[in-house]
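Participant: Dropping in my_file15.cif, with mmCIF, C-alpha atoms.
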```
data_my_file
#
loop_
_atom_site.group_PDB
_atom_site.id
_atom_site.type_symbol
_atom_site.label_atom_id
_atom_site.label_comp_id
_atom_site.auth_asym_id
_atom_site.auth_seq_id
_atom_site.Cartn_x
_atom_site.Cartn_y
_atom_site.Cartn_z
ATOM 1 C CA MET G 1475 0.355 13.231 4.761
ATOM 2 C CA ILE G 1476 2.272 11.294 7.356
ATOM 3 C CA VAL G 1477 2.338 7.680 8.518
ATOM 4 C CA ASN G 1478 4.399 6.615 11.539
ATOM 5 C CA THR G 1479 5.783 3.099 11.727
ATOM 6 C CA LYS G 1480 7.413 1.458 14.764
ATOM 7 C CA TRP G 1481 9.759 -1.485 14.788
ATOM 8 C CA HIS G 1482 9.066 -4.348 17.226
ATOM 9 C CA GLY G 1483 12.175 -6.467 16.718
ATOM 10 C CA GLN G 1484 13.010 -8.964 13.948
ATOM 11 C CA ARG G 1485 11.039 -7.855 10.846
ATOM 12 C CA ALA G 1486 7.851 -6.719 12.668
ATOM 13 C CA PHE G 1487 6.437 -3.191 12.312
ATOM 14 C CA THR G 1488 3.219 -1.367 13.210
ATOM 15 C CA ALA G 1489 2.079 1.588 11.126
ATOM 16 C CA VAL G 1490 -0.461 4.265 12.033
ATOM 17 C CA GLY G 1491 -1.638 7.271 10.056
ATOM 18 C CA ALA G 1492 -4.428 9.856 10.231
ATOM 19 C CA SER G 1493 -7.215 7.244 10.535
ATOM 20 C CA GLY G 1494 -5.753 6.049 13.840
ATOM 21 C CA TYR G 1495 -6.013 2.357 12.889
ATOM 22 C CA GLU G 1496 -2.881 0.273 13.307
ATOM 23 C CA ILE G 1497 -1.546 -2.066 10.641
ATOM 24 C CA ASN G 1498 0.776 -4.867 11.713
ATOM 25 C CA MET G 1499 3.351 -5.776 9.097
ATOM 26 C CA ASP G 1500 5.896 -8.574 9.074
ATOM 27 C CA ALA G 1501 8.057 -10.529 6.682
ATOM 28 C CA THR G 1502 7.651 -14.241 6.116
ATOM 29 C CA GLU G 1503 10.111 -16.691 7.667
ATOM 30 C CA ALA G 1504 12.113 -16.712 4.395
ATOM 31 C CA TYR G 1505 13.035 -13.069 5.051
ATOM 32 C CA GLY G 1506 13.716 -13.440 8.759
ATOM 33 C CA GLY G 1507 10.208 -12.543 9.892
ATOM 34 C CA GLU G 1508 7.584 -14.482 11.828
ATOM 35 C CA SER G 1509 4.550 -13.826 9.591
ATOM 36 C CA LYS G 1510 2.893 -11.814 12.382
ATOM 37 C CA GLY G 1511 1.293 -9.346 9.993
ATOM 38 C CA VAL G 1512 0.572 -8.460 6.403
ATOM 39 C CA THR G 1513 3.469 -8.162 3.983
ATOM 40 C CA PRO G 1514 4.171 -4.761 2.389
ATOM 41 C CA THR G 1515 3.609 -6.088 -1.141
ATOM 42 C CA GLU G 1516 0.200 -7.472 -0.116
ATOM 43 C CA MET G 1517 -0.606 -4.059 1.302
ATOM 44 C CA LEU G 1518 0.268 -2.372 -1.953
ATOM 45 C CA LEU G 1519 -2.192 -4.600 -3.832
ATOM 46 C CA ALA G 1520 -4.815 -4.087 -1.105
ATOM 47 C CA SER G 1521 -4.394 -0.313 -1.328
ATOM 48 C CA VAL G 1522 -5.026 -0.464 -5.091
ATOM 49 C CA ALA G 1523 -8.235 -2.464 -4.453
ATOM 50 C CA GLY G 1524 -9.393 -0.169 -1.643
ATOM 51 C CA CYS G 1525 -8.725 2.959 -3.650
ATOM 52 C CA ILE G 1526 -10.514 1.913 -6.820
ATOM 53 C CA GLY G 1527 -13.236 0.182 -4.759
ATOM 54 C CA ILE G 1528 -13.982 3.352 -2.806
ATOM 55 C CA ASP G 1529 -14.057 5.396 -6.012
ATOM 56 C CA VAL G 1530 -16.311 2.944 -7.865
ATOM 57 C CA THR G 1531 -18.802 2.638 -4.989
ATOM 58 C CA MET G 1532 -18.832 6.408 -4.652
ATOM 59 C CA ILE G 1533 -19.526 6.920 -8.364
ATOM 60 C CA LEU G 1534 -22.181 4.167 -8.300
ATOM 61 C CA ARG G 1535 -23.881 5.333 -5.116
ATOM 62 C CA PRO G 1536 -27.272 6.075 -6.802
ATOM 63 C CA TYR G 1537 -27.301 2.424 -7.953
ATOM 64 C CA LEU G 1538 -25.841 0.581 -4.951
ATOM 65 C CA SER G 1539 -29.259 -0.960 -4.126
ATOM 66 C CA GLU G 1540 -28.798 -2.869 -7.413
ATOM 67 C CA VAL G 1541 -25.508 -4.386 -6.136
ATOM 68 C CA GLU G 1542 -25.877 -7.544 -4.054
ATOM 69 C CA SER G 1543 -22.198 -8.253 -3.578
ATOM 70 C CA LEU G 1544 -18.907 -6.825 -4.771
ATOM 71 C CA GLU G 1545 -15.443 -8.323 -4.556
ATOM 72 C CA ILE G 1546 -12.176 -7.144 -6.044
ATOM 73 C CA GLU G 1547 -9.305 -9.440 -6.922
ATOM 74 C CA THR G 1548 -5.960 -7.700 -7.432
ATOM 75 C CA ASP G 1549 -3.389 -9.894 -9.154
ATOM 76 C CA GLY G 1550 0.059 -8.348 -9.306
ATOM 77 C CA THR G 1551 2.881 -9.440 -11.606
ATOM 78 C CA ARG G 1552 6.388 -8.606 -10.459
ATOM 79 C CA LYS G 1553 9.765 -8.385 -12.147
ATOM 80 C CA GLU G 1554 11.918 -11.513 -11.947
ATOM 81 C CA GLU G 1555 15.008 -9.531 -10.987
ATOM 82 C CA LEU G 1556 15.491 -7.608 -7.741
ATOM 83 C CA PRO G 1557 13.990 -5.346 -6.442
ATOM 84 C CA LYS G 1558 10.999 -7.101 -8.016
ATOM 85 C CA GLY G 1559 8.653 -4.125 -8.352
ATOM 86 C CA PHE G 1560 5.187 -4.668 -9.808
ATOM 87 C CA THR G 1561 5.040 -4.366 -13.592
ATOM 88 C CA SER G 1562 1.316 -4.974 -14.041
ATOM 89 C CA ILE G 1563 -1.738 -5.303 -11.832
ATOM 90 C CA LEU G 1564 -4.974 -6.882 -13.011
ATOM 91 C CA VAL G 1565 -7.996 -5.702 -11.023
ATOM 92 C CA THR G 1566 -11.049 -7.962 -11.410
ATOM 93 C CA PHE G 1567 -14.396 -6.693 -10.141
ATOM 94 C CA LYS G 1568 -16.751 -9.563 -9.294
ATOM 95 C CA ILE G 1569 -20.218 -8.135 -8.908
ATOM 96 C CA ASP G 1570 -23.584 -9.807 -8.392
ATOM 97 C CA GLY G 1571 -26.788 -7.845 -8.823
ATOM 98 C CA THR G 1572 -29.176 -6.269 -11.304
ATOM 99 C CA ILE G 1573 -26.914 -3.307 -12.093
ATOM 100 C CA ASP G 1574 -26.041 -2.694 -15.751
ATOM 101 C CA SER G 1575 -22.465 -3.495 -16.842
ATOM 102 C CA LYS G 1576 -22.169 -0.175 -18.702
ATOM 103 C CA LYS G 1577 -22.657 1.755 -15.463
ATOM 104 C CA ILE G 1578 -19.966 -0.309 -13.767
ATOM 105 C CA TRP G 1579 -17.462 0.131 -16.613
ATOM 106 C CA ARG G 1580 -18.098 3.870 -16.643
ATOM 107 C CA ALA G 1581 -17.411 3.968 -12.873
ATOM 108 C CA ILE G 1582 -14.237 1.882 -13.220
ATOM 109 C CA ASN G 1583 -12.841 4.106 -15.984
ATOM 110 C CA LEU G 1584 -13.812 7.332 -14.257
ATOM 111 C CA GLY G 1585 -12.386 6.036 -10.981
ATOM 112 C CA LYS G 1586 -9.076 5.111 -12.547
ATOM 113 C CA GLU G 1587 -8.647 8.180 -14.722
ATOM 114 C CA LYS G 1588 -9.928 10.822 -12.352
ATOM 115 C CA TYR G 1589 -9.940 9.692 -8.733
ATOM 116 C CA CYS G 1590 -7.657 6.809 -7.779
ATOM 117 C CA ALA G 1591 -4.567 8.328 -6.148
ATOM 118 C CA VAL G 1592 -3.001 4.919 -5.513
ATOM 119 C CA SER G 1593 -3.028 3.647 -9.115
ATOM 120 C CA ASP G 1594 -1.916 7.138 -10.183
ATOM 121 C CA SER G 1595 1.157 6.656 -7.949
ATOM 122 C CA LEU G 1596 2.277 3.419 -9.586
ATOM 123 C CA LYS G 1597 4.675 2.775 -12.434
ATOM 124 C CA SER G 1598 2.962 -0.499 -13.303
ATOM 125 C CA SER G 1599 0.061 -0.812 -15.688
ATOM 126 C CA VAL G 1600 -3.316 -1.290 -13.994
ATOM 127 C CA ASN G 1601 -5.925 -3.134 -16.045
ATOM 128 C CA PHE G 1602 -9.495 -4.128 -15.279
ATOM 129 C CA ARG G 1603 -11.909 -7.016 -15.779
ATOM 130 C CA LEU G 1604 -15.548 -7.271 -14.798
ATOM 131 C CA ILE G 1605 -17.302 -10.528 -13.866
ATOM 132 C CA LEU G 1606 -21.012 -9.709 -13.543
ATOM 133 C CA ASN G 1607 -23.248 -12.450 -12.109
ATOM 134 C CA GLY G 1608 -20.555 -15.014 -12.818
ATOM 135 C CA GLU G 1609 -19.975 -14.031 -16.440
ATOM 136 C CA GLU G 1610 -17.282 -11.955 -18.102
ATOM 137 C CA ALA G 1611 -18.719 -8.575 -19.046
ATOM 138 C CA VAL G 1612 -16.510 -6.971 -21.677
ATOM 139 C CA GLU G 1613 -16.345 -3.220 -21.856
ATOM 140 C CA MET Q 273 0.360 -12.634 -6.200
ATOM 141 C CA ILE Q 274 -3.278 -12.163 -5.343
ATOM 142 C CA VAL Q 275 -5.193 -10.108 -2.780
ATOM 143 C CA ASN Q 276 -8.965 -10.506 -2.374
ATOM 144 C CA THR Q 277 -11.033 -7.578 -1.173
ATOM 145 C CA LYS Q 278 -14.709 -7.666 -0.124
ATOM 146 C CA TRP Q 279 -17.125 -4.785 -0.001
ATOM 147 C CA HIS Q 280 -19.215 -4.301 3.173
ATOM 148 C CA GLY Q 281 -21.514 -1.490 2.058
ATOM 149 C CA GLN Q 282 -20.869 2.259 1.851
ATOM 150 C CA ARG Q 283 -17.106 2.677 1.312
ATOM 151 C CA ALA Q 284 -15.961 -0.184 3.600
ATOM 152 C CA PHE Q 285 -13.740 -3.028 2.336
ATOM 153 C CA THR Q 286 -11.727 -5.883 3.861
ATOM 154 C CA ALA Q 287 -8.642 -7.175 2.057
ATOM 155 C CA VAL Q 288 -6.827 -10.455 2.614
ATOM 156 C CA GLY Q 289 -3.779 -11.892 0.850
ATOM 157 C CA ALA Q 290 -1.327 -14.755 1.329
ATOM 158 C CA SER Q 291 -0.488 -13.801 4.933
ATOM 159 C CA GLY Q 292 -4.112 -14.433 5.964
ATOM 160 C CA TYR Q 293 -4.358 -11.197 7.959
ATOM 161 C CA GLU Q 294 -7.322 -8.952 7.171
ATOM 162 C CA ILE Q 295 -7.020 -5.243 6.562
ATOM 163 C CA ASN Q 296 -10.121 -3.106 7.039
ATOM 164 C CA MET Q 297 -10.237 -0.093 4.741
ATOM 165 C CA ASP Q 298 -12.721 2.760 4.612
ATOM 166 C CA ALA Q 299 -13.037 6.294 3.321
ATOM 167 C CA THR Q 300 -13.468 9.290 5.565
ATOM 168 C CA GLU Q 301 -16.880 10.920 5.918
ATOM 169 C CA ALA Q 302 -15.905 13.486 3.240
ATOM 170 C CA TYR Q 303 -15.890 10.631 0.706
ATOM 171 C CA GLY Q 304 -19.047 8.927 1.933
ATOM 172 C CA GLY Q 305 -17.277 6.544 4.304
ATOM 173 C CA GLU Q 306 -17.491 6.059 8.049
ATOM 174 C CA SER Q 307 -13.767 5.988 8.887
ATOM 175 C CA LYS Q 308 -14.031 2.346 9.971
ATOM 176 C CA GLY Q 309 -10.593 1.444 8.646
ATOM 177 C CA VAL Q 310 -7.359 2.692 7.191
ATOM 178 C CA THR Q 311 -7.463 4.755 4.024
ATOM 179 C CA PRO Q 312 -5.806 3.356 0.877
ATOM 180 C CA THR Q 313 -3.361 6.285 0.638
ATOM 181 C CA GLU Q 314 -2.266 5.707 4.268
ATOM 182 C CA MET Q 315 -1.726 2.070 3.354
ATOM 183 C CA LEU Q 316 0.481 3.003 0.449
ATOM 184 C CA LEU Q 317 2.754 5.056 2.732
ATOM 185 C CA ALA Q 318 2.698 2.275 5.348
ATOM 186 C CA SER Q 319 3.692 -0.283 2.706
ATOM 187 C CA VAL Q 320 6.697 1.874 1.748
ATOM 188 C CA ALA Q 321 7.755 2.047 5.415
ATOM 189 C CA GLY Q 322 7.212 -1.677 5.989
ATOM 190 C CA CYS Q 323 9.118 -2.645 2.864
ATOM 191 C CA ILE Q 324 12.181 -0.514 3.461
ATOM 192 C CA GLY Q 325 12.000 -1.220 7.225
ATOM 193 C CA ILE Q 326 12.073 -4.976 6.658
ATOM 194 C CA ASP Q 327 14.959 -4.622 4.198
ATOM 195 C CA VAL Q 328 17.003 -2.353 6.483
ATOM 196 C CA THR Q 329 16.525 -4.574 9.561
ATOM 197 C CA MET Q 330 17.425 -7.605 7.464
ATOM 198 C CA ILE Q 331 20.629 -5.990 6.167
ATOM 199 C CA LEU Q 332 21.493 -4.735 9.680
ATOM 200 C CA ARG Q 333 20.741 -8.022 11.456
ATOM 201 C CA PRO Q 334 24.338 -8.577 12.684
ATOM 202 C CA TYR Q 335 24.080 -5.160 14.430
ATOM 203 C CA LEU Q 336 20.481 -5.134 15.698
ATOM 204 C CA SER Q 337 21.682 -5.475 19.316
ATOM 205 C CA GLU Q 338 23.109 -1.956 18.814
ATOM 206 C CA VAL Q 339 19.634 -0.611 17.943
ATOM 207 C CA GLU Q 340 17.477 0.416 20.913
ATOM 208 C CA SER Q 341 14.534 1.748 18.949
ATOM 209 C CA LEU Q 342 13.657 2.338 15.324
ATOM 210 C CA GLU Q 343 10.797 4.366 13.892
ATOM 211 C CA ILE Q 344 10.054 5.322 10.316
ATOM 212 C CA GLU Q 345 8.108 8.413 9.333
ATOM 213 C CA THR Q 346 6.788 8.412 5.759
ATOM 214 C CA ASP Q 347 5.678 11.836 4.580
ATOM 215 C CA GLY Q 348 3.983 11.804 1.209
ATOM 216 C CA THR Q 349 3.423 14.805 -1.055
ATOM 217 C CA ARG Q 350 0.577 14.532 -3.543
ATOM 218 C CA LYS Q 351 -0.377 16.382 -6.699
ATOM 219 C CA GLU Q 352 -2.844 19.247 -6.258
ATOM 220 C CA GLU Q 353 -4.951 18.102 -9.196
ATOM 221 C CA LEU Q 354 -6.944 14.869 -9.386
ATOM 222 C CA PRO Q 355 -6.222 11.965 -9.166
ATOM 223 C CA LYS Q 356 -3.700 13.320 -6.655
ATOM 224 C CA GLY Q 357 -1.047 10.608 -6.917
ATOM 225 C CA PHE Q 358 2.075 10.840 -4.776
ATOM 226 C CA THR Q 359 4.905 12.822 -6.349
ATOM 227 C CA SER Q 360 7.465 12.439 -3.582
ATOM 228 C CA ILE Q 361 7.820 10.482 -0.371
ATOM 229 C CA LEU Q 362 10.280 11.402 2.346
ATOM 230 C CA VAL Q 363 11.225 8.450 4.546
ATOM 231 C CA THR Q 364 12.809 9.463 7.868
ATOM 232 C CA PHE Q 365 14.485 6.775 9.946
ATOM 233 C CA LYS Q 366 14.583 7.723 13.650
ATOM 234 C CA ILE Q 367 16.994 5.401 15.375
ATOM 235 C CA ASP Q 368 18.337 5.352 18.911
ATOM 236 C CA GLY Q 369 21.305 3.201 19.809
ATOM 237 C CA THR Q 370 25.059 2.786 19.537
ATOM 238 C CA ILE Q 371 25.016 1.706 15.896
ATOM 239 C CA ASP Q 372 27.165 3.659 13.463
ATOM 240 C CA SER Q 373 25.368 5.967 11.010
ATOM 241 C CA LYS Q 374 27.446 4.698 8.088
ATOM 242 C CA LYS Q 375 26.102 1.176 8.561
ATOM 243 C CA ILE Q 376 22.546 2.501 8.584
ATOM 244 C CA TRP Q 377 23.026 4.604 5.439
ATOM 245 C CA ARG Q 378 24.561 1.627 3.663
ATOM 246 C CA ALA Q 379 21.523 -0.482 4.626
ATOM 247 C CA ILE Q 380 19.072 2.232 3.502
ATOM 248 C CA ASN Q 381 20.753 2.617 0.118
ATOM 249 C CA LEU Q 382 21.121 -1.094 -0.428
ATOM 250 C CA GLY Q 383 17.513 -1.647 0.660
ATOM 251 C CA LYS Q 384 16.185 0.953 -1.733
ATOM 252 C CA GLU Q 385 18.334 0.069 -4.715
ATOM 253 C CA LYS Q 386 18.305 -3.694 -4.451
ATOM 254 C CA TYR Q 387 15.448 -5.007 -2.326
ATOM 255 C CA CYS Q 388 12.439 -2.744 -1.826
ATOM 256 C CA ALA Q 389 9.737 -3.943 -4.239
ATOM 257 C CA VAL Q 390 7.262 -1.299 -3.043
ATOM 258 C CA SER Q 391 9.409 1.780 -3.709
ATOM 259 C CA ASP Q 392 10.473 0.136 -6.993
ATOM 260 C CA SER Q 393 6.762 0.071 -7.965
ATOM 261 C CA LEU Q 394 6.213 3.802 -7.462
ATOM 262 C CA LYS Q 395 6.447 6.700 -9.895
ATOM 263 C CA SER Q 396 7.196 9.141 -7.083
ATOM 264 C CA SER Q 397 10.664 9.938 -5.840
ATOM 265 C CA VAL Q 398 11.552 8.288 -2.527
ATOM 266 C CA ASN Q 399 14.144 10.126 -0.427
ATOM 267 C CA PHE Q 400 15.649 9.339 2.954
ATOM 268 C CA ARG Q 401 16.710 11.084 6.147
ATOM 269 C CA LEU Q 402 18.319 9.636 9.227
ATOM 270 C CA ILE Q 403 17.858 10.981 12.755
ATOM 271 C CA LEU Q 404 20.282 9.104 14.983
ATOM 272 C CA ASN Q 405 19.921 9.623 18.750
ATOM 273 C CA GLY Q 406 17.898 12.777 18.120
ATOM 274 C CA GLU Q 407 20.342 14.357 15.679
ATOM 275 C CA GLU Q 408 20.378 14.594 11.914
ATOM 276 C CA ALA Q 409 22.979 12.201 10.512
ATOM 277 C CA VAL Q 410 23.835 13.205 6.968
ATOM 278 C CA GLU Q 411 24.953 10.587 4.542
#
```
Write the structure described by the file as structure tokens, please.

Facilitator:
Amino acid sequence: MIVNTKWHGQRAFTAVGASGYEINMDATEAYGGESKGVTPTEMLLASVAGCIGIDVTMILRPYLSEVESLEIETDGTRKEELPKGFTSILVTFKIDGTIDSKKIWRAINLGKEKYCAVSDSLKSSVNFRLILNGEEAVE
Amino acid sequence: MIVNTKWHGQRAFTAVGASGYEINMDATEAYGGESKGVTPTEMLLASVAGCIGIDVTMILRPYLSEVESLEIETDGTRKEELPKGFTSILVTFKIDGTIDSKKIWRAINLGKEKYCAVSDSLKSSVNFRLILNGEEAVE
């Protein structure tokens, strides 16, 4: 699969792949950019969230009427030394609704082990937490 | 670093991190989505291009007046079996201008080895090609 990315001067780029939607990327001022778009490291964390989110909502689709709201926080820890790749990513699902925590944990584990191509592409560990109706729901 | 991602029903999500820019993500119809945004695997390839693109343009900044145009093609190969993570990514720089190919190759290698946090986070191999003024420029 192919993504094409064009440079627009300074540190600004626009990427487009099969979906046809453009993503504007830029560096912050500290790296000579003008903050005119998302940063590539943000995008990596967002792609982890999107991937596991799509998988979990697909696995849970018979129960989605029991889900009022769903948010995913991805918190990435990076190496101190250059090139500062991610060493661990904590993915917290924050879900409100009447859905049972066991169903959600099953979907998270199945999503990660079987379906999520993005987390499968990463060297870093990817761990999960579930906050259900404001309370930690351990596996 | 943290990215927050909200679910909008079906397979649609919106992510936002420190830059403040939103990224809309969705699955294709084959995965129960409505193709209302980029796919997470596209984003992963775009983040590789953005990361190495920012690093290369930063390293080459004394010579950017010698660069007329710069595009980056990221071509990702995935495993056949689930979860289909990326096994190799070929990054092709297509540059037009009077800049010397040796300077570009130095920037690519330095970018990959020292600065690119995204490629440093991946299990897959990341290889490079350079097309300078329409012709392959070997390292």

Participant: Near chain Q, which residues of chain G fall within 6 Å when you count only C-alpha atoms, and what do they look like as a ChimeraX atom specification?

Facilitator: /G:1475-1481,1485,1489,1493,1495,1512,1514,1517-1518,1520-1521,1524-1525,1528,1544-1550,1556-1560,1588-1591,1594-1597

Participant: Any chance you could export the current selection's C-alpha atoms as an mmCIF file, in the frame of the given file?

Facilitator:
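Ended up saving to selection-v2.cif:
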```cif
data_model
loop_
_atom_site.group_PDB
_atom_site.id
_atom_site.type_symbol
_atom_site.label_atom_id
_atom_site.label_comp_id
_atom_site.auth_asym_id
_atom_site.auth_seq_id
_atom_site.Cartn_x
_atom_site.Cartn_y
_atom_site.Cartn_z
ATOM 1 C CA MET G 1475 0.355 13.231 4.761
ATOM 2 C CA ILE G 1476 2.272 11.294 7.356
ATOM 3 C CA VAL G 1477 2.338 7.680 8.518
ATOM 4 C CA ASN G 1478 4.399 6.615 11.539
ATOM 5 C CA THR G 1479 5.783 3.099 11.727
ATOM 6 C CA LYS G 1480 7.413 1.458 14.764
ATOM 7 C CA TRP G 1481 9.759 -1.485 14.788
ATOM 8 C CA ARG G 1485 11.039 -7.855 10.846
ATOM 9 C CA ALA G 1489 2.079 1.588 11.126
ATOM 10 C CA SER G 1493 -7.215 7.244 10.535
ATOM 11 C CA TYR G 1495 -6.013 2.357 12.889
ATOM 12 C CA VAL G 1512 0.572 -8.460 6.403
ATOM 13 C CA PRO G 1514 4.171 -4.761 2.389
ATOM 14 C CA MET G 1517 -0.606 -4.059 1.302
ATOM 15 C CA LEU G 1518 0.268 -2.372 -1.953
ATOM 16 C CA ALA G 1520 -4.815 -4.087 -1.105
ATOM 17 C CA SER G 1521 -4.394 -0.313 -1.328
ATOM 18 C CA GLY G 1524 -9.393 -0.169 -1.643
ATOM 19 C CA CYS G 1525 -8.725 2.959 -3.650
ATOM 20 C CA ILE G 1528 -13.982 3.352 -2.806
ATOM 21 C CA LEU G 1544 -18.907 -6.825 -4.771
ATOM 22 C CA GLU G 1545 -15.443 -8.323 -4.556
ATOM 23 C CA ILE G 1546 -12.176 -7.144 -6.044
ATOM 24 C CA GLU G 1547 -9.305 -9.440 -6.922
ATOM 25 C CA THR G 1548 -5.960 -7.700 -7.432
ATOM 26 C CA ASP G 1549 -3.389 -9.894 -9.154
ATOM 27 C CA GLY G 1550 0.059 -8.348 -9.306
ATOM 28 C CA LEU G 1556 15.491 -7.608 -7.741
ATOM 29 C CA PRO G 1557 13.990 -5.346 -6.442
ATOM 30 C CA LYS G 1558 10.999 -7.101 -8.016
ATOM 31 C CA GLY G 1559 8.653 -4.125 -8.352
ATOM 32 C CA PHE G 1560 5.187 -4.668 -9.808
ATOM 33 C CA LYS G 1588 -9.928 10.822 -12.352
ATOM 34 C CA TYR G 1589 -9.940 9.692 -8.733
ATOM 35 C CA CYS G 1590 -7.657 6.809 -7.779
ATOM 36 C CA ALA G 1591 -4.567 8.328 -6.148
ATOM 37 C CA ASP G 1594 -1.916 7.138 -10.183
ATOM 38 C CA SER G 1595 1.157 6.656 -7.949
ATOM 39 C CA LEU G 1596 2.277 3.419 -9.586
ATOM 40 C CA LYS G 1597 4.675 2.775 -12.434
#
```

Participant: When the PyMOL selection byres ((chain Q and resi 408) around 12) is applied to the file above, which residues end up in the set, as a list in words?

Facilitator: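 That selection, the PyMOL selection byres ((chain Q and resi 408) around 12), comes back as Thr364, Phe365, Lys366, Ile367, Asp368, Ser373, Phe400, Arg401, Leu402, Ile403, Leu404, Asn405, Gly406, Glu407, Ala409, Val410 and Glu411 of chain Q.
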
Participant: Between atom CA of Ile331 of chain Q and atom CA of Arg378 of chain Q, what is the spacing in Å?

Facilitator: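 Taking atom CA of Arg378 of chain Q and atom CA of Ile331 of chain Q, their separation equals 8.9 Å.
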
Participant: One number please: atom CA of Leu332 of chain Q to atom CA of Asn399 of chain Q, in Å, one decimal.

Facilitator: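 Interatomic distance here is 19.4 Å.
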
Participant: Using Å and a single decimal, report how far atom CA of Glu1540 of chain G sits from atom CA of Ala302 of chain Q.

Facilitator: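 If I compute the distance from atom CA of Ala302 of chain Q to atom CA of Glu1540 of chain G, I get 23.4 Å.
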
Participant: Report, as lines of an AutoDock Vina configuration file, the centre and edge lengths in Å (one decimal) of the axis-aligned box enclosing every listed atom of segment 402-406 of chain Q, padded by 5 Å on each side.

Facilitator:
```
center_x = 19.1
center_y = 10.9
center_z = 14.0
size_x = 12.4
size_y = 13.7
size_z = 19.5
```

Participant: Could you write segment 394-410 of chain Q as a short mmCIF file (atom, residue, chain, number, x, y, z; two decimals), in the frame of the given file, with N, CA and C atoms rebuilt where they are missing?

Facilitator:
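part.cif was written with the following content:
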```cif
data_model
loop_
_atom_site.label_atom_id
_atom_site.label_comp_id
_atom_site.auth_asym_id
_atom_site.auth_seq_id
_atom_site.Cartn_x
_atom_site.Cartn_y
_atom_site.Cartn_z
N LEU Q 394 6.81 2.46 -7.48
CA LEU Q 394 6.21 3.80 -7.46
C LEU Q 394 6.83 4.75 -8.48
N LYS Q 395 5.97 5.63 -9.01
CA LYS Q 395 6.45 6.70 -9.90
C LYS Q 395 7.15 7.79 -9.10
N SER Q 396 6.69 8.01 -7.87
CA SER Q 396 7.20 9.14 -7.08
C SER Q 396 8.65 8.93 -6.66
N SER Q 397 9.33 10.03 -6.42
CA SER Q 397 10.66 9.94 -5.84
C SER Q 397 10.53 9.47 -4.39
N VAL Q 398 11.52 8.72 -3.92
CA VAL Q 398 11.55 8.29 -2.53
C VAL Q 398 12.91 8.70 -1.97
N ASN Q 399 12.89 9.63 -1.01
CA ASN Q 399 14.14 10.13 -0.43
C ASN Q 399 14.21 9.77 1.05
N PHE Q 400 15.43 9.83 1.59
CA PHE Q 400 15.65 9.34 2.95
C PHE Q 400 16.35 10.37 3.83
N ARG Q 401 15.99 10.33 5.12
CA ARG Q 401 16.71 11.08 6.15
C ARG Q 401 16.99 10.12 7.29
N LEU Q 402 18.03 10.44 8.05
CA LEU Q 402 18.32 9.64 9.23
C LEU Q 402 18.50 10.57 10.42
N ILE Q 403 17.69 10.29 11.46
CA ILE Q 403 17.86 10.98 12.76
C ILE Q 403 18.39 9.93 13.72
N LEU Q 404 19.65 10.09 14.10
CA LEU Q 404 20.28 9.10 14.98
C LEU Q 404 20.49 9.71 16.37
N ASN Q 405 19.88 9.11 17.37
CA ASN Q 405 19.92 9.62 18.75
C ASN Q 405 19.53 11.11 18.81
N GLY Q 406 18.46 11.42 18.06
CA GLY Q 406 17.90 12.78 18.12
C GLY Q 406 18.58 13.80 17.24
N GLU Q 407 19.62 13.39 16.52
CA GLU Q 407 20.34 14.36 15.68
C GLU Q 407 20.41 13.89 14.24
N GLU Q 408 20.28 14.88 13.35
CA GLU Q 408 20.38 14.59 11.91
C GLU Q 408 21.74 13.97 11.60
N ALA Q 409 21.71 12.84 10.92
CA ALA Q 409 22.98 12.20 10.51
C ALA Q 409 23.01 12.20 9.00
N VAL Q 410 23.78 13.12 8.43
CA VAL Q 410 23.84 13.20 6.97
C VAL Q 410 24.64 12.04 6.41
#
```
